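Dropping query_35.csv in here (CSV, C-alpha atoms):
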```
chain,number,residue,atom,x,y,z
A,36,MET,CA,23.2,13.9,-1.6
A,37,LEU,CA,22.0,10.3,-1.0
A,38,SER,CA,24.6,7.7,0.0
A,39,GLU,CA,24.9,4.7,-2.4
A,40,LYS,CA,23.4,2.5,0.3
A,41,LEU,CA,20.4,4.7,0.8
A,42,ASP,CA,19.9,5.1,-3.0
A,43,LYS,CA,19.8,1.4,-3.3
A,44,ALA,CA,17.4,0.9,-0.4
A,45,LEU,CA,15.1,3.7,-1.6
A,46,ASN,CA,15.0,2.1,-5.1
A,47,LYS,CA,14.0,-1.2,-3.5
A,48,GLN,CA,11.2,0.6,-1.8
A,49,ILE,CA,10.1,2.2,-5.1
A,50,GLN,CA,9.9,-1.3,-6.5
A,51,ILE,CA,7.9,-2.5,-3.5
A,52,GLU,CA,5.4,0.4,-3.9
A,53,ALA,CA,5.0,-0.4,-7.6
A,54,GLU,CA,4.4,-4.0,-6.9
A,55,SER,CA,1.9,-3.1,-4.2
A,56,SER,CA,0.0,-1.1,-6.8
A,57,GLN,CA,0.0,-4.1,-9.1
A,58,VAL,CA,-1.1,-6.5,-6.3
A,59,TYR,CA,-4.0,-4.2,-5.4
A,60,LEU,CA,-4.9,-3.8,-9.1
A,61,SER,CA,-5.1,-7.5,-9.4
A,62,MET,CA,-7.3,-7.7,-6.3
A,63,ALA,CA,-9.6,-5.0,-7.8
A,64,SER,CA,-9.9,-6.9,-11.1
A,65,TRP,CA,-10.6,-10.2,-9.3
A,66,ALA,CA,-13.3,-8.5,-7.1
A,67,GLU,CA,-14.9,-6.8,-10.1
A,68,THR,CA,-15.2,-10.2,-11.9
A,69,LYS,CA,-17.0,-11.6,-8.8
A,70,GLY,CA,-19.6,-8.8,-8.8
A,71,LEU,CA,-18.1,-7.1,-5.8
A,72,GLU,CA,-18.2,-3.5,-7.2
A,73,GLY,CA,-17.6,-1.8,-3.8
A,74,ILE,CA,-14.6,-3.9,-3.0
A,75,ALA,CA,-13.3,-3.5,-6.5
A,76,SER,CA,-13.6,0.3,-6.2
A,77,PHE,CA,-11.8,0.2,-2.9
A,78,MET,CA,-9.0,-1.8,-4.3
A,79,TYR,CA,-8.7,0.3,-7.5
A,80,ALA,CA,-8.3,3.3,-5.1
A,81,GLN,CA,-5.7,1.4,-3.1
A,82,SER,CA,-3.8,0.6,-6.2
A,83,ASP,CA,-3.8,4.3,-7.3
A,84,GLU,CA,-2.6,5.3,-3.8
A,85,GLU,CA,0.4,2.9,-3.9
A,86,ARG,CA,1.4,4.3,-7.3
A,87,GLN,CA,1.3,7.8,-5.8
A,88,HIS,CA,3.5,6.6,-3.0
A,89,MET,CA,6.0,5.2,-5.6
A,90,LEU,CA,6.0,8.5,-7.5
A,91,LYS,CA,6.6,10.5,-4.4
A,92,LEU,CA,9.7,8.3,-3.7
A,93,VAL,CA,10.9,8.6,-7.3
A,94,LYS,CA,10.8,12.4,-7.2
A,95,PHE,CA,12.5,12.5,-3.8
A,96,VAL,CA,15.4,10.2,-4.9
A,97,ASN,CA,16.0,12.2,-8.0
A,98,GLU,CA,15.8,15.6,-6.2
A,99,ARG,CA,18.3,14.3,-3.7
A,100,GLY,CA,20.9,13.5,-6.3
A,101,GLY,CA,20.2,9.8,-6.6
A,102,HIS,CA,18.7,8.0,-9.5
A,103,ALA,CA,15.3,6.4,-9.2
A,104,LYS,CA,15.2,3.3,-11.3
A,105,VAL,CA,12.2,1.8,-13.0
A,106,SER,CA,12.5,-2.0,-12.7
A,107,ALA,CA,10.6,-5.0,-13.9
A,108,LEU,CA,7.8,-6.1,-11.6
A,109,LYS,CA,6.8,-9.6,-10.7
A,110,ALA,CA,3.3,-10.5,-11.8
A,111,PRO,CA,0.8,-10.6,-8.9
A,112,LYS,CA,-1.5,-13.6,-8.4
A,113,LEU,CA,-4.8,-13.5,-10.2
A,114,ASP,CA,-7.1,-15.5,-7.9
A,115,PHE,CA,-7.7,-14.8,-4.2
A,116,GLY,CA,-10.2,-17.5,-3.3
A,117,THR,CA,-12.6,-15.5,-1.3
A,118,PHE,CA,-12.9,-11.8,-0.4
A,119,GLN,CA,-12.1,-12.7,3.2
A,120,LYS,CA,-8.8,-14.3,2.1
A,121,MET,CA,-8.1,-11.4,-0.1
A,122,PHE,CA,-8.3,-8.9,2.8
A,123,VAL,CA,-6.1,-11.2,5.0
A,124,GLU,CA,-3.5,-10.9,2.2
A,125,LEU,CA,-4.0,-7.2,2.1
A,126,LEU,CA,-3.2,-6.9,5.8
A,127,GLU,CA,-0.2,-9.2,5.5
A,128,HIS,CA,1.1,-7.1,2.5
A,129,GLU,CA,0.7,-3.9,4.5
A,130,ILE,CA,2.6,-5.4,7.4
A,131,PHE,CA,5.4,-6.3,4.9
A,132,VAL,CA,5.5,-2.8,3.5
A,133,SER,CA,5.6,-1.4,7.1
A,134,LYS,CA,8.6,-3.5,7.9
A,135,SER,CA,10.3,-2.4,4.7
A,136,ILE,CA,9.7,1.3,5.6
A,137,ASN,CA,11.0,0.7,9.1
A,138,ASP,CA,14.1,-0.9,7.7
A,139,LEU,CA,14.6,2.2,5.5
A,140,VAL,CA,14.2,4.5,8.5
A,141,HIS,CA,16.9,2.5,10.3
A,142,ILE,CA,19.3,2.9,7.3
A,143,THR,CA,18.7,6.7,7.4
A,144,LEU,CA,19.8,6.8,11.0
A,145,GLU,CA,22.9,4.6,10.3
A,146,GLU,CA,23.8,6.9,7.3
A,147,LYS,CA,23.0,10.1,9.4
A,148,ASP,CA,20.7,11.3,6.6
A,149,TYR,CA,18.2,13.2,8.6
A,150,ALA,CA,16.5,14.8,5.6
A,151,THR,CA,15.5,11.4,4.3
A,152,HIS,CA,14.6,10.3,7.8
A,153,ASN,CA,12.3,13.3,8.0
A,154,PHE,CA,10.8,12.5,4.5
A,155,LEU,CA,10.1,8.9,5.5
A,156,GLN,CA,8.1,9.9,8.6
A,157,TRP,CA,5.1,10.5,6.3
A,158,TYR,CA,5.4,6.9,5.1
A,159,VAL,CA,5.6,5.6,8.7
A,160,ALA,CA,2.4,7.4,9.6
A,161,GLU,CA,0.7,6.3,6.4
A,162,GLN,CA,1.6,2.6,7.2
A,163,ILE,CA,0.0,2.9,10.6
A,164,GLU,CA,-3.2,4.1,9.0
A,165,GLU,CA,-3.1,1.4,6.3
A,166,GLU,CA,-2.6,-1.4,8.8
A,167,ALA,CA,-5.4,0.0,11.0
A,168,LEU,CA,-7.8,0.2,8.1
A,169,ALA,CA,-7.0,-3.4,7.0
A,170,ARG,CA,-7.6,-4.6,10.5
A,171,THR,CA,-10.9,-2.7,10.8
A,172,ILE,CA,-12.1,-4.2,7.5
A,173,LEU,CA,-11.1,-7.7,8.7
A,174,ASP,CA,-13.0,-7.1,11.9
A,175,LYS,CA,-16.1,-6.2,9.9
A,176,ILE,CA,-15.6,-9.2,7.6
A,177,ASN,CA,-15.4,-11.5,10.7
A,178,LEU,CA,-18.7,-10.1,11.9
A,179,ILE,CA,-20.3,-10.9,8.6
A,180,GLY,CA,-19.2,-14.5,8.5
A,181,ASN,CA,-21.0,-16.2,5.6
A,182,ASP,CA,-24.1,-14.0,5.6
A,183,LYS,CA,-24.8,-13.0,2.0
A,184,GLY,CA,-26.9,-10.0,3.1
A,185,GLY,CA,-23.9,-8.9,5.3
A,186,LEU,CA,-21.6,-9.2,2.2
A,187,TYR,CA,-24.0,-7.0,0.2
A,188,LEU,CA,-23.9,-4.3,2.9
A,189,PHE,CA,-20.2,-4.7,3.4
A,190,ASP,CA,-19.5,-4.3,-0.4
A,191,ARG,CA,-21.6,-1.1,-0.4
A,192,ASP,CA,-20.0,0.2,2.8
A,193,VAL,CA,-16.4,-0.4,1.7
A,194,GLN,CA,-17.1,1.8,-1.3
A,195,GLN,CA,-17.8,4.6,1.2
A,196,ILE,CA,-14.3,4.2,2.6
A,197,THR,CA,-13.0,4.8,-0.9
A,198,ALA,CA,-15.1,8.0,-1.2
A,199,ASN,CA,-13.9,9.2,2.2
A,200,SER,CA,-10.3,8.4,1.3
A,201,ALA,CA,-10.6,10.4,-1.9
A,202,ALA,CA,-11.8,13.4,0.1
A,203,ASN,CA,-8.7,13.1,2.3
A,204,ALA,CA,-6.2,12.5,-0.5
A,205,MET,CA,-2.5,12.9,0.0
A,206,PRO,CA,-1.3,16.4,-0.8
A,207,GLU,CA,1.4,16.9,-3.4
```

Show how you would write the structure in this file as structure tokens.
Amino acid sequence: MLSEKLDKALNKQIQIEAESSQVYLSMASWAETKGLEGIASFMYAQSDEERQHMLKLVKFVNERGGHAKVSALKAPKLDFGTFQKMFVELLEHEIFVSKSINDLVHITLEEKDYATHNFLQWYVAEQIEEEALARTILDKINLIGNDKGGLYLFDRDVQQITANSAANAMPE
């Protein structure tokens, strides 16, 4: 059984994961309208992945005797300026999500809820991967600079990341 404090904290994380999905969906749509099909494909996949993270939390909360709540989401921004700025925002958002997951893990220890602590370890590992991927992408973007040919190749290459991620999708 989840404590009231943990139920509330997990529901906050459910909202964060849902909003993350919306943010990445907005980024995908923006990239698509700029002709960046590879980046759009990558961001659509990221959006889907965040939704799966949310659903995994919803099911866990309900299975543990809590009540997962579906709440209103704030609308994400619609314009990201440049693809470089968009990926900086992606990294910043992943760091924010990591902090939120770490805060949740801390609460599980305070509440002595070791089952939830164990469950959240998947999210801890996932966030390490997400931040590392965002940093790798930003490193590649910094190498490109303002080279249009480099952008073309990057857009094509980032689509390959999406294909590789789909092959290693999260098990149910």

Please provide as a PDB file with C-alpha atoms, in the frame of the given file all residues within 12 Å of A:Gly116, with the sequence filter that same-chain residues fewer than 6 positions apart are discarded (counting only C-alpha atoms).
```pdb
ATOM      1  CA  MET A  62      -7.300  -7.700  -6.300  1.00  0.00           C
ATOM      2  CA  TRP A  65     -10.600 -10.200  -9.300  1.00  0.00           C
ATOM      3  CA  ALA A  66     -13.300  -8.500  -7.100  1.00  0.00           C
ATOM      4  CA  LYS A  69     -17.000 -11.600  -8.800  1.00  0.00           C
ATOM      5  CA  PHE A 122      -8.300  -8.900   2.800  1.00  0.00           C
ATOM      6  CA  VAL A 123      -6.100 -11.200   5.000  1.00  0.00           C
ATOM      7  CA  GLU A 124      -3.500 -10.900   2.200  1.00  0.00           C
TER       8      GLU A 124
END
```

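Nearest residue to A:Thr151, choosing from A:Ser55, A:Ser76, A:Ser133, A:Ser38 and counting only C-alpha atoms: A:Ser38.
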
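Computed from the coordinates, the atom CA of A:Phe115 to atom CA of A:Glu84 distance equals 20.7 Å.
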
**Request:** Fewer than 4 positions away in the same chain doesn't count, so skip those; otherwise give me all residues within 8 Å of stretch 152-158 of chain A, counting all atoms listed in the file, as a ChimeraX atom specification.
**Result:** /A:136,140,143-144,148,162

**Message:** Residues within 8 Å of A:Leu45, please, as a list in words. Count all atoms listed in the file; anything in the same chain fewer than 2 positions from it doesn't count.
**Reply:** Leu41, Asp42, Lys43, Lys47, Gln48, Ile49, Leu92, Val96 and Leu139 of chain A

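In this comparison, which uses all atoms listed in the file, the residue of A:Thr171, A:Ser135, A:Gln194, A:Gln119 approaching A:Ala44 most closely is A:Ser135.
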
**Message:** Would you pick out the contacts of A:Ile176 at 12 Å or less, using all atoms listed in the file, so that residues sharing its chain but fewer than 4 positions from it are not included, and give the list as a PyMOL selection string?
**Reply:** chain A and resi 74+117-123+169-172+180-183+185-190+192-193

**Request:** For atom CA of A:Gln50 and atom CA of A:His88, determine how far apart the two atoms are, in Å to one decimal place.
**Result:**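 These two atoms are separated by 10.8 Å.
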
**Complete:** atom CA of A:Asp138 to atom CA of A:Pro111 measures 23.4 Å

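Using only C-alpha atoms, the smallest distance between any of A:Gln195, A:Gln57, A:Asn177, A:Asn46 and A:Ala103 comes from A:Asn46.
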
**Request:** Rank A:Gly70, A:Leu37, A:Arg99, A:Glu85 by their smallest atom-to-atom distance to A:Val132, using only C-alpha atoms, and report the top residue only.
**Result:**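 The closest residue to A:Val132 is A:Glu85.
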
**Prompt:** Could you pull the residues within 9 Å of A:Arg86, counting only C-alpha atoms, minus those fewer than 2 positions along the same chain, as a PyMOL selection string?
**Reply:** chain A and resi 52-57+81-84+88-91

**Asked** From the list A:Lys112, A:His128, A:Lys40, A:Lys104, which residue is nearest A:Glu145 when using all atoms listed in the file?
**Response** A:Lys40

**Request:** Check the smallest atom-to-atom distance from each of A:Ala63, A:Ala75, A:Leu126, A:Ala80 to A:Asp174 using only C-alpha atoms, then report the winner.
**Result:**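 Looking only at the distances to A:Asp174, the closest residue turns out to be A:Leu126.
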